[in-house]
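Written below as structure tokens is the structure these notes are about.
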Amino acid sequence: MTTAIPLTLHLLVLIGLYELAAGIAGLTGRIDWREMTEEFVRSPSLSFVTGFMVFAIGGVMIMNHHHWTDLLAIIVSLVGWIALIEGILMIIAAKPLLIFFRPLIGSQRAISLFAALFGAVLIALGLTGHADSTAL
């Protein structure tokens with residue numbers, strides 16, 4: 001696939017690596033999604049610090065990649081906005097947010113497999129795509 005901005009391809013690979021690692025960690029039992037969610041619910045400090053970090057990462061992504069020119073750029077920009085919003089919600093309302101999303105992590109295997117596959121797809125898109133500034 002073609003994108004107008006080379007940064008898009010690099011960010012796709014980085015986001016993909018994160019998702020792939022999270023998926024593998026879940027599939028191998030390195031992390032337990034349910035237990036991790038419960039730990040966030042029990043610890044307002046952990047939720048706040050995590051929310052701040054997610055907010056900061058999302059903010060940096062948006063400041064450096066706020067492009068809606070093509071599908072790959074849209075994926076990266078959406079991830080940035082989702083991270084920013086998730087960070088804000090983790091800071092101001094972590095407990096209700098986590099309780100709301102509990103049903104999504106009902107199956108450790110399913111959510112881990114989804115994350116790993118999504119990560120692999122993003123990595124493939126990032127590595128096989130090419131940037132063409134005339135695509136704007």
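Each chain of the structure tokens is named A, B, ... in the order shown, its residues numbered from 1; ligands are numbered from 1 in display order.
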Taking only residues of range 84-123 of chain A that have an atom at most 12 Å from an atom of range 64-72 of chain A, what is each one's shortest atom pair and its distance in Å to one decimal, using only C-alpha atoms, in chain and number order, as a Markdown table?
| residue | atom | partner | partner_atom | distance |
| --- | --- | --- | --- | --- |
| A:Val121 | CA | A:Leu72 | CA | 11.5 |
| A:Leu122 | CA | A:Leu72 | CA | 9.1 |
| A:Ile123 | CA | A:Leu72 | CA | 11.5 |
Residues from the last selection, C-alpha atoms, saved as an mmCIF file, in the first residue's frame:
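out11.cif, freshly written:
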data_model
loop_
_atom_site.group_PDB
_atom_site.id
_atom_site.type_symbol
_atom_site.label_atom_id
_atom_site.label_comp_id
_atom_site.auth_asym_id
_atom_site.auth_seq_id
_atom_site.Cartn_x
_atom_site.Cartn_y
_atom_site.Cartn_z
ATOM 1 C CA VAL A 121 -0.838 -7.197 9.955
ATOM 2 C CA LEU A 122 0.393 -3.729 10.968
ATOM 3 C CA ILE A 123 4.020 -4.861 10.794
#
Could you make a table, as a tab-separated table, of the residues of range 15-92 of chain A that have an atom within 12 Å of an atom of range 124-129 of chain A, each with its nearest atom pair and distance in Å to one decimal, counting only C-alpha atoms, in chain and number order?
residue	atom	partner	partner_atom	distance
A:Ile15	CA	A:Gly126	CA	9.6
A:Gly16	CA	A:Gly126	CA	8.5
A:Leu17	CA	A:Ala124	CA	10.4
A:Leu20	CA	A:Ala124	CA	11.6
A:Asp70	CA	A:Gly129	CA	11.9
A:Leu71	CA	A:Leu125	CA	10.7
A:Leu72	CA	A:Leu125	CA	8.0
A:Ala73	CA	A:Gly126	CA	10.7
A:Ile75	CA	A:Leu125	CA	10.8
A:Val76	CA	A:Gly126	CA	10.5
Residue list (helix (DSSP H, G or I), DSSP) for range 61-132 of chain A, as an NGL selection string: :A and (61-64 or 71-105 or 108-128)
Mind checking which residues fall within 12 Å of range 46-54 of chain A, counting only C-alpha atoms, ignoring those fewer than 2 positions away in the same chain, and posting them as a PyMOL selection string? chain A and resi 36-44+56-61+79-98
